[in-house]
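Note sheet for the following structure.
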Amino acid sequence: MMKKIQRFGGAMFTPTLLFAFSGIMVGISIVMTNQHIFGALAAPDTIWSQFWKVISSGAWMVFMQLPLLFALALPIALAKKQQARACLEAIAVYLIFNYFVNSMLTSWGGFFGVDMAAEAGTGSGLTMIASIKTLDTGMIGALLVSGIVVYLHNRFYDKELPDYISIFRGTSFVVALGFFAMLPVAFLTCLIWPSVQHAMTGLQSFFINSGSFGIWVYGFLQKILIPTGLHHFIYSPFTYDNAVVQGGTSVYWATHLQEFATNAKTLKEMYPIGFSLSGLSKVFGSIGIFAAFYNTAKPEKRKKLLGLLIPAALTAILVGVTEPLEFTFLFIAPALFLVHALLDATLQAIAFTLGVVGDFGGGIINWIFLNWLPLGYYHYKTYLTQVVLGIVFAVIYYFVFSYMIKKWNFKTPGREDDDEVKFYSKKEYQDKKASAGATTAEATDGKKKTKTQVQAERYLDLLGGPENIVDVTNCATRLRVTVKDGSLVGKEFEFKEAGAAGLVHNDTAVQVICGLNVPYVRDDFEALL
């Protein structure tokens, strides 16, 4: 059950990978149309302003169509075969579901307690999905419908049908089953969801008024649950759904940037929400941790250690992906991870207390384009506070981690006693692979294999070969594999030699920490199967 929950949590993360680029383009568009910066050039009736309006309209797609993207993304990770067809089935059934809801509320809105004459938007409980006026079920509705489609797809996609109706086999059969399944689902949604929306309104008030303590609890749970993969269930309802504000904090922040950018009120007055500050530890905490690792490493290993630390540091600081770092020390020294979670939560709570709010869930790129550039004119003092506080915590991270590593002799990178947990430099890894003929291996058609193809081959071998694989999926940075016999899985140092950042092995559940290229590794891995 835990493995299924982890896979579901990882699938929920997939659409959020689109936020980085879209956020950058939204931020640039807002900056370019800010008359405080560009004066008359940015007036609404100029070609300049109209051009950037076109750019921003495309950039807003991710934020405005997030439920559709969640419905579309789930089958990518959870469908056991023909993922592309499963995506088509999911989007078709999700639209059917919303058409059903629209028709039921149009005919019997009074019975369900919903005013369909109200304008879709904040406060009405209604929204527009692909031009369909429907209940705003957000991410939950999209995932529910998509999850039903994945179940139907996995069970019935290959079902044999009599010859006279064989035309309905496959995708047509799954969508037909989904059509009839959506009738009771849509009715129950109309019956139950308005009450859920009222409860969410109360929940919004509670969290907005919970102050710094609520931020601390939220931040701690979000971090401490990372090893289980359940952290997605903590932040997703806040960031991408209606737990605090309608549409989620990420969409709300982005859609109100223009208002925030031209208002001299403090950001906390306009946006008294602190549930998007996890990026503070991703940047400043990572700096302190990396410095502590380097400081406590054996002198003769420091040069090699930089080969590991620099790419991981850039990944964490620039884009906010910290799993290569966190999984490096999580299973070597769990106490460090606990302290990391405590410091992370404390940093978020103090930052909120000092008035630092905004969309700081990612790395520096996210900060610049969705916060600093568009809002710096009026709110630079808030960002100075953020940076000073972050530097203070980077120093705290450095001294606390250095002390604990030395006090309890944790075998963090650069302090290993043997080769089994040794990190190799890129050159060493390439030399080792070359000597074994791996990096120069060529495909049967004479073309040189890609890096991910070589990695996929090595991972498959270390996982016990094709006959030992039950299923495979991935999240943002991890290749998740279920094997038949866990004793056949190789050692962590062997996976690191093959290019992985780490390994999580729990009986038949295996997670290979690959980094951001994991979708390509999975594609090559599945091709080998």
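Numbering starts fresh at 1 for the residues of each chain in the structure tokens, the chains themselves are lettered A, B, ... in the order given, and ligands are numbered from 1 as they appear.
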Please provide the set of residues having any atom within 12 Å of Ser103 of chain A, restricted to only C-alpha atoms, with same-chain residues fewer than 3 positions apart removed, written as a PyMOL selection string.
chain A and resi 96-100+106-109+116+132-135+183+186-187+190
Export, as a short mmCIF file (atom, residue, chain, number, x, y, z; two decimals), in the first residue's frame, the selected residues with all heavy atoms.
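result14.cif, freshly written:
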```
data_model
loop_
_atom_site.label_atom_id
_atom_site.label_comp_id
_atom_site.auth_asym_id
_atom_site.auth_seq_id
_atom_site.Cartn_x
_atom_site.Cartn_y
_atom_site.Cartn_z
N ILE A 96 -15.89 14.85 -19.92
CA ILE A 96 -17.25 14.30 -19.78
C ILE A 96 -17.78 14.56 -18.38
O ILE A 96 -18.94 14.97 -18.20
CB ILE A 96 -17.23 12.78 -20.09
CG1 ILE A 96 -16.98 12.54 -21.58
CG2 ILE A 96 -18.55 12.13 -19.66
CD1 ILE A 96 -16.71 11.09 -21.93
N PHE A 97 -16.97 14.31 -17.39
CA PHE A 97 -17.34 14.54 -15.99
C PHE A 97 -17.80 15.99 -15.78
O PHE A 97 -18.85 16.25 -15.18
CB PHE A 97 -16.15 14.22 -15.09
CG PHE A 97 -16.23 14.80 -13.71
CD1 PHE A 97 -17.04 14.22 -12.74
CD2 PHE A 97 -15.49 15.93 -13.37
CE1 PHE A 97 -17.11 14.76 -11.46
CE2 PHE A 97 -15.55 16.47 -12.10
CZ PHE A 97 -16.37 15.89 -11.14
N ASN A 98 -17.05 16.95 -16.30
CA ASN A 98 -17.39 18.35 -16.11
C ASN A 98 -18.64 18.76 -16.90
O ASN A 98 -19.42 19.59 -16.43
CB ASN A 98 -16.20 19.24 -16.49
CG ASN A 98 -15.14 19.27 -15.40
OD1 ASN A 98 -15.37 19.78 -14.31
ND2 ASN A 98 -13.98 18.70 -15.69
N TYR A 99 -18.85 18.15 -18.06
CA TYR A 99 -20.09 18.41 -18.78
C TYR A 99 -21.29 17.88 -18.00
O TYR A 99 -22.35 18.52 -17.94
CB TYR A 99 -20.04 17.78 -20.18
CG TYR A 99 -19.41 18.66 -21.23
CD1 TYR A 99 -18.22 18.29 -21.86
CD2 TYR A 99 -20.00 19.87 -21.60
CE1 TYR A 99 -17.64 19.10 -22.83
CE2 TYR A 99 -19.43 20.68 -22.57
CZ TYR A 99 -18.25 20.30 -23.18
OH TYR A 99 -17.68 21.10 -24.14
N PHE A 100 -21.13 16.70 -17.39
CA PHE A 100 -22.21 16.16 -16.57
C PHE A 100 -22.52 17.08 -15.40
O PHE A 100 -23.69 17.36 -15.09
CB PHE A 100 -21.82 14.77 -16.05
CG PHE A 100 -21.97 13.66 -17.05
CD1 PHE A 100 -21.31 12.46 -16.86
CD2 PHE A 100 -22.78 13.80 -18.16
CE1 PHE A 100 -21.43 11.42 -17.77
CE2 PHE A 100 -22.92 12.77 -19.09
CZ PHE A 100 -22.23 11.57 -18.89
N THR A 106 -27.07 23.02 -13.85
CA THR A 106 -27.94 23.91 -14.62
C THR A 106 -29.41 23.54 -14.42
O THR A 106 -30.28 24.42 -14.30
CB THR A 106 -27.58 23.85 -16.12
OG1 THR A 106 -26.22 24.27 -16.29
CG2 THR A 106 -28.48 24.76 -16.93
N SER A 107 -29.68 22.24 -14.36
CA SER A 107 -31.06 21.78 -14.21
C SER A 107 -31.53 21.77 -12.76
O SER A 107 -32.67 22.10 -12.46
CB SER A 107 -31.20 20.37 -14.80
OG SER A 107 -30.89 20.36 -16.17
N TRP A 108 -30.64 21.37 -11.83
CA TRP A 108 -31.06 21.16 -10.44
C TRP A 108 -30.15 21.89 -9.45
O TRP A 108 -29.90 21.40 -8.34
CB TRP A 108 -31.05 19.66 -10.12
CG TRP A 108 -31.77 18.82 -11.14
CD1 TRP A 108 -33.03 19.01 -11.62
CD2 TRP A 108 -31.23 17.67 -11.83
NE1 TRP A 108 -33.34 18.05 -12.54
CE2 TRP A 108 -32.27 17.20 -12.70
CE3 TRP A 108 -30.02 16.98 -11.80
CZ2 TRP A 108 -32.09 16.09 -13.52
CZ3 TRP A 108 -29.85 15.87 -12.60
CH2 TRP A 108 -30.87 15.44 -13.46
N GLY A 109 -29.65 23.05 -9.84
CA GLY A 109 -28.74 23.79 -8.97
C GLY A 109 -29.33 24.10 -7.61
O GLY A 109 -28.64 24.04 -6.58
N MET A 116 -25.92 28.56 -10.22
CA MET A 116 -25.20 28.52 -11.50
C MET A 116 -25.23 29.85 -12.23
O MET A 116 -24.49 30.04 -13.20
CB MET A 116 -25.77 27.43 -12.39
CG MET A 116 -25.26 26.04 -12.08
SD MET A 116 -23.48 25.85 -12.34
CE MET A 116 -23.41 25.65 -14.12
N ILE A 132 -16.03 25.06 -19.93
CA ILE A 132 -17.19 24.43 -19.28
C ILE A 132 -17.34 25.06 -17.89
O ILE A 132 -16.43 24.99 -17.07
CB ILE A 132 -17.01 22.91 -19.13
CG1 ILE A 132 -16.63 22.28 -20.46
CG2 ILE A 132 -18.26 22.27 -18.55
CD1 ILE A 132 -16.14 20.84 -20.34
N LYS A 133 -18.50 25.64 -17.60
CA LYS A 133 -18.76 26.19 -16.27
C LYS A 133 -19.13 25.03 -15.35
O LYS A 133 -20.11 24.31 -15.60
CB LYS A 133 -19.90 27.20 -16.34
CG LYS A 133 -20.05 28.05 -15.08
CD LYS A 133 -21.13 29.11 -15.28
CE LYS A 133 -21.22 30.05 -14.10
NZ LYS A 133 -22.28 31.08 -14.29
N THR A 134 -18.34 24.85 -14.29
CA THR A 134 -18.50 23.66 -13.47
C THR A 134 -18.08 23.95 -12.04
O THR A 134 -17.59 25.04 -11.73
CB THR A 134 -17.65 22.50 -14.05
OG1 THR A 134 -17.83 21.32 -13.27
CG2 THR A 134 -16.19 22.85 -14.07
N LEU A 135 -18.28 22.99 -11.15
CA LEU A 135 -17.83 23.14 -9.78
C LEU A 135 -16.31 23.17 -9.74
O LEU A 135 -15.64 22.43 -10.46
CB LEU A 135 -18.32 21.97 -8.92
CG LEU A 135 -19.71 22.07 -8.28
CD1 LEU A 135 -20.00 20.80 -7.50
CD2 LEU A 135 -19.81 23.29 -7.37
N LEU A 183 -21.36 9.31 -14.43
CA LEU A 183 -22.72 9.72 -14.06
C LEU A 183 -22.91 9.72 -12.55
O LEU A 183 -23.28 10.76 -11.97
CB LEU A 183 -23.75 8.82 -14.74
CG LEU A 183 -24.00 9.11 -16.23
CD1 LEU A 183 -24.81 7.98 -16.87
CD2 LEU A 183 -24.72 10.45 -16.40
N ALA A 186 -20.37 12.33 -10.97
CA ALA A 186 -20.78 13.73 -11.12
C ALA A 186 -21.92 14.06 -10.16
O ALA A 186 -21.93 15.14 -9.55
CB ALA A 186 -21.20 13.99 -12.57
N PHE A 187 -22.88 13.14 -10.01
CA PHE A 187 -24.01 13.39 -9.10
C PHE A 187 -23.52 13.53 -7.66
O PHE A 187 -23.92 14.46 -6.95
CB PHE A 187 -25.02 12.25 -9.21
CG PHE A 187 -26.21 12.44 -8.30
CD1 PHE A 187 -27.27 13.26 -8.68
CD2 PHE A 187 -26.26 11.82 -7.06
CE1 PHE A 187 -28.36 13.44 -7.84
CE2 PHE A 187 -27.34 12.00 -6.21
CZ PHE A 187 -28.40 12.80 -6.61
N CYS A 190 -21.76 16.86 -7.14
CA CYS A 190 -22.71 17.96 -6.96
C CYS A 190 -23.35 17.93 -5.58
O CYS A 190 -23.65 18.99 -5.00
CB CYS A 190 -23.80 17.89 -8.04
SG CYS A 190 -23.22 18.17 -9.72
#
```
Sort by chain and increasing residue number a table of all residues of segment 321-389 of chain A within 12 Å of segment 278-298 of chain A, each with its closest pair of atoms and their distance in Å to one decimal, counting only C-alpha atoms, and write it as JSON lines.
```
{"residue": "A:Val321", "atom": "CA", "partner": "A:Lys282", "partner_atom": "CA", "distance": 7.5}
{"residue": "A:Thr322", "atom": "CA", "partner": "A:Lys282", "partner_atom": "CA", "distance": 6.4}
{"residue": "A:Glu323", "atom": "CA", "partner": "A:Lys282", "partner_atom": "CA", "distance": 9.9}
{"residue": "A:Pro324", "atom": "CA", "partner": "A:Ser286", "partner_atom": "CA", "distance": 11.0}
{"residue": "A:Leu325", "atom": "CA", "partner": "A:Ser286", "partner_atom": "CA", "distance": 7.9}
{"residue": "A:Glu326", "atom": "CA", "partner": "A:Ser286", "partner_atom": "CA", "distance": 9.2}
{"residue": "A:Thr328", "atom": "CA", "partner": "A:Phe293", "partner_atom": "CA", "distance": 10.8}
{"residue": "A:Phe329", "atom": "CA", "partner": "A:Phe293", "partner_atom": "CA", "distance": 9.9}
{"residue": "A:Leu336", "atom": "CA", "partner": "A:Ile289", "partner_atom": "CA", "distance": 9.9}
{"residue": "A:Phe337", "atom": "CA", "partner": "A:Ile289", "partner_atom": "CA", "distance": 10.9}
{"residue": "A:Val339", "atom": "CA", "partner": "A:Gly285", "partner_atom": "CA", "distance": 11.2}
{"residue": "A:His340", "atom": "CA", "partner": "A:Gly285", "partner_atom": "CA", "distance": 8.1}
{"residue": "A:Ala341", "atom": "CA", "partner": "A:Ser281", "partner_atom": "CA", "distance": 9.3}
{"residue": "A:Leu342", "atom": "CA", "partner": "A:Ser281", "partner_atom": "CA", "distance": 10.7}
{"residue": "A:Leu343", "atom": "CA", "partner": "A:Ser281", "partner_atom": "CA", "distance": 8.1}
{"residue": "A:Asp344", "atom": "CA", "partner": "A:Ser281", "partner_atom": "CA", "distance": 5.5}
{"residue": "A:Ala345", "atom": "CA", "partner": "A:Ser278", "partner_atom": "CA", "distance": 8.2}
{"residue": "A:Thr346", "atom": "CA", "partner": "A:Ser281", "partner_atom": "CA", "distance": 9.8}
{"residue": "A:Leu347", "atom": "CA", "partner": "A:Ser281", "partner_atom": "CA", "distance": 7.3}
{"residue": "A:Gln348", "atom": "CA", "partner": "A:Ser278", "partner_atom": "CA", "distance": 6.8}
{"residue": "A:Ala349", "atom": "CA", "partner": "A:Ser278", "partner_atom": "CA", "distance": 10.3}
{"residue": "A:Ile350", "atom": "CA", "partner": "A:Leu280", "partner_atom": "CA", "distance": 11.1}
{"residue": "A:Ala351", "atom": "CA", "partner": "A:Leu280", "partner_atom": "CA", "distance": 8.9}
{"residue": "A:Phe352", "atom": "CA", "partner": "A:Leu280", "partner_atom": "CA", "distance": 11.2}
{"residue": "A:Val356", "atom": "CA", "partner": "A:Leu280", "partner_atom": "CA", "distance": 10.4}
{"residue": "A:Val357", "atom": "CA", "partner": "A:Leu280", "partner_atom": "CA", "distance": 11.0}
{"residue": "A:Gly358", "atom": "CA", "partner": "A:Gly279", "partner_atom": "CA", "distance": 10.7}
{"residue": "A:Asp359", "atom": "CA", "partner": "A:Gly279", "partner_atom": "CA", "distance": 8.7}
{"residue": "A:Phe360", "atom": "CA", "partner": "A:Gly279", "partner_atom": "CA", "distance": 5.1}
{"residue": "A:Gly361", "atom": "CA", "partner": "A:Gly279", "partner_atom": "CA", "distance": 4.3}
{"residue": "A:Gly362", "atom": "CA", "partner": "A:Gly279", "partner_atom": "CA", "distance": 4.8}
{"residue": "A:Gly363", "atom": "CA", "partner": "A:Gly279", "partner_atom": "CA", "distance": 5.8}
{"residue": "A:Ile364", "atom": "CA", "partner": "A:Val283", "partner_atom": "CA", "distance": 7.3}
{"residue": "A:Ile365", "atom": "CA", "partner": "A:Val283", "partner_atom": "CA", "distance": 10.8}
{"residue": "A:Asn366", "atom": "CA", "partner": "A:Gly279", "partner_atom": "CA", "distance": 9.0}
{"residue": "A:Trp367", "atom": "CA", "partner": "A:Gly279", "partner_atom": "CA", "distance": 8.7}
{"residue": "A:Tyr383", "atom": "CA", "partner": "A:Leu280", "partner_atom": "CA", "distance": 11.7}
{"residue": "A:Gln386", "atom": "CA", "partner": "A:Leu280", "partner_atom": "CA", "distance": 8.4}
{"residue": "A:Val387", "atom": "CA", "partner": "A:Phe284", "partner_atom": "CA", "distance": 8.7}
{"residue": "A:Val388", "atom": "CA", "partner": "A:Phe284", "partner_atom": "CA", "distance": 10.3}
{"residue": "A:Leu389", "atom": "CA", "partner": "A:Phe284", "partner_atom": "CA", "distance": 9.2}
```
Let's have the selection written as a PDB file, in the first residue's frame, with C-alpha atoms.
```pdb
ATOM      1  CA  VAL A 321      15.516  20.375  -6.282  1.00  0.00           C
ATOM      2  CA  THR A 322      17.260  19.164  -3.113  1.00  0.00           C
ATOM      3  CA  GLU A 323      16.655  15.423  -3.209  1.00  0.00           C
ATOM      4  CA  PRO A 324      20.187  14.568  -4.424  1.00  0.00           C
ATOM      5  CA  LEU A 325      21.496  16.447  -1.380  1.00  0.00           C
ATOM      6  CA  GLU A 326      18.951  15.227   1.166  1.00  0.00           C
ATOM      7  CA  THR A 328      22.896  11.741   0.332  1.00  0.00           C
ATOM      8  CA  PHE A 329      22.847  12.158   4.111  1.00  0.00           C
ATOM      9  CA  LEU A 336      20.964  15.334  10.373  1.00  0.00           C
ATOM     10  CA  PHE A 337      17.748  15.086   8.394  1.00  0.00           C
ATOM     11  CA  VAL A 339      17.686  18.724  12.385  1.00  0.00           C
ATOM     12  CA  HIS A 340      17.306  19.835   8.762  1.00  0.00           C
ATOM     13  CA  ALA A 341      13.500  19.583   9.075  1.00  0.00           C
ATOM     14  CA  LEU A 342      13.513  21.513  12.360  1.00  0.00           C
ATOM     15  CA  LEU A 343      15.718  24.299  10.966  1.00  0.00           C
ATOM     16  CA  ASP A 344      13.688  24.459   7.754  1.00  0.00           C
ATOM     17  CA  ALA A 345      10.419  24.894   9.672  1.00  0.00           C
ATOM     18  CA  THR A 346      11.973  27.484  11.987  1.00  0.00           C
ATOM     19  CA  LEU A 347      13.361  29.491   9.074  1.00  0.00           C
ATOM     20  CA  GLN A 348       9.943  29.589   7.394  1.00  0.00           C
ATOM     21  CA  ALA A 349       8.166  30.609  10.606  1.00  0.00           C
ATOM     22  CA  ILE A 350      10.628  33.430  11.394  1.00  0.00           C
ATOM     23  CA  ALA A 351      10.578  34.666   7.800  1.00  0.00           C
ATOM     24  CA  PHE A 352       6.785  34.888   7.900  1.00  0.00           C
ATOM     25  CA  VAL A 356       8.536  37.676   4.113  1.00  0.00           C
ATOM     26  CA  VAL A 357       5.764  36.197   1.960  1.00  0.00           C
ATOM     27  CA  GLY A 358       5.403  35.277  -1.678  1.00  0.00           C
ATOM     28  CA  ASP A 359       6.045  32.349  -3.997  1.00  0.00           C
ATOM     29  CA  PHE A 360       9.342  31.057  -2.618  1.00  0.00           C
ATOM     30  CA  GLY A 361       8.796  27.343  -3.107  1.00  0.00           C
ATOM     31  CA  GLY A 362      11.641  26.907  -5.603  1.00  0.00           C
ATOM     32  CA  GLY A 363      15.172  28.140  -6.140  1.00  0.00           C
ATOM     33  CA  ILE A 364      16.785  31.416  -7.178  1.00  0.00           C
ATOM     34  CA  ILE A 365      15.253  31.323 -10.672  1.00  0.00           C
ATOM     35  CA  ASN A 366      11.769  31.161  -9.150  1.00  0.00           C
ATOM     36  CA  TRP A 367      12.623  33.951  -6.701  1.00  0.00           C
ATOM     37  CA  TYR A 383      13.662  40.937   0.096  1.00  0.00           C
ATOM     38  CA  GLN A 386      14.785  37.664   3.383  1.00  0.00           C
ATOM     39  CA  VAL A 387      18.410  37.583   2.238  1.00  0.00           C
ATOM     40  CA  VAL A 388      19.845  38.706   5.607  1.00  0.00           C
ATOM     41  CA  LEU A 389      17.748  36.107   7.454  1.00  0.00           C
TER      42      LEU A 389
END
```
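Rounded to one decimal, atom CA of Asp485 of chain A and atom CA of Gly515 of chain A lie 25.1 Å from each other.
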When distances are computed from only C-alpha atoms, which of A:Leu74, A:Leu191, A:Val472, A:Val400 shows the smallest separation from Thr508 of chain A?
A:Val472
Leaving out Ala86 of chain A and any residue of its chain fewer than 4 positions from it, which residues lie within 10 Å of it when counting only C-alpha atoms, given as a PyMOL selection string?
chain A and resi 72-76+78-82+90-92+146+149-150+152-154+157+170-171+174-175
Members of segment 66-181 of chain A assigned strand (DSSP E or B) by DSSP, as a list in words:
Gly121, Leu126, Thr127, Met128, Ile129, Ile132, Lys133, Thr134 and Leu135 of chain A
Just want the 8 Å neighbourhood of Gln511 of chain A, counted on only C-alpha atoms, with same-chain residues fewer than 4 positions away dropped. Output as a ChimeraX atom specification.
/A:478-481,503-505
Tell me, as a ChimeraX atom specification, which residues lie within 7 Å of Phe70 of chain A, counting only C-alpha atoms; anything in the same chain fewer than 5 positions away does not count.
/A:12,15,139,142-143
Written selection (N, CA, C and O atoms) as a CSV table (one decimal), in the first residue's frame:
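Generated output (result_13.csv):
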```csv
chain,number,residue,atom,x,y,z
A,12,MET,N,1.6,13.1,-8.7
A,12,MET,CA,1.0,14.4,-8.5
A,12,MET,C,2.0,15.5,-8.7
A,12,MET,O,1.7,16.7,-9.0
A,15,PRO,N,3.0,17.7,-13.0
A,15,PRO,CA,2.6,19.0,-13.7
A,15,PRO,C,3.4,20.1,-13.1
A,15,PRO,O,3.6,21.1,-13.8
A,139,MET,N,-7.6,20.3,-7.9
A,139,MET,CA,-6.7,19.2,-8.1
A,139,MET,C,-7.4,17.9,-7.7
A,139,MET,O,-7.2,16.8,-8.3
A,142,ALA,N,-9.7,16.5,-10.4
A,142,ALA,CA,-9.0,16.0,-11.5
A,142,ALA,C,-8.3,14.7,-11.2
A,142,ALA,O,-8.3,13.7,-12.0
A,143,LEU,N,-7.7,14.6,-10.0
A,143,LEU,CA,-7.0,13.3,-9.7
A,143,LEU,C,-8.0,12.2,-9.4
A,143,LEU,O,-7.7,11.0,-9.8
```
Please list as a PyMOL selection string every residue within 12 Å of Met61 of chain A, counting only C-alpha atoms and excluding residues in the same chain fewer than 2 positions away.
chain A and resi 15+18-19+21-23+25-26+54-59+63-69+130+251+254-255
If we count only C-alpha atoms and set the cut-off at 12 Å, which residues sit around Gly464 of chain A, ignoring sequence neighbours fewer than 5 positions away in its own chain? Please answer as an MDAnalysis selection string.
chainID A and resid 457:459 469:470 481:491 508 510
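Among A:Lys406, A:Pro413, A:Gly355, A:Tyr151, the residue with the shortest atom-to-atom distance to Leu306 of chain A, counting only C-alpha atoms, is A:Pro413.
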Expected answer as a PyMOL selection string: helix (DSSP H, G or I) residues in segment 107-345 of chain A
chain A and resi 107-112+138-156+163-168+171-208+211-224+226-228+232-239+249-255+257-261+267-270+279-296+299-319+323-330+334-345
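Put simply, atom CA of Gly138 of chain A is 6.6 Å away from atom CA of Gly247 of chain A.
The two atoms in question, atom CA of Val31 of chain A and atom CA of Trp52 of chain A, are spaced 9.6 Å apart.
Closest to Glu416 of chain A among A:Tyr398, A:Phe369, A:Phe493, A:Tyr403 is A:Phe493, based on only C-alpha atoms.
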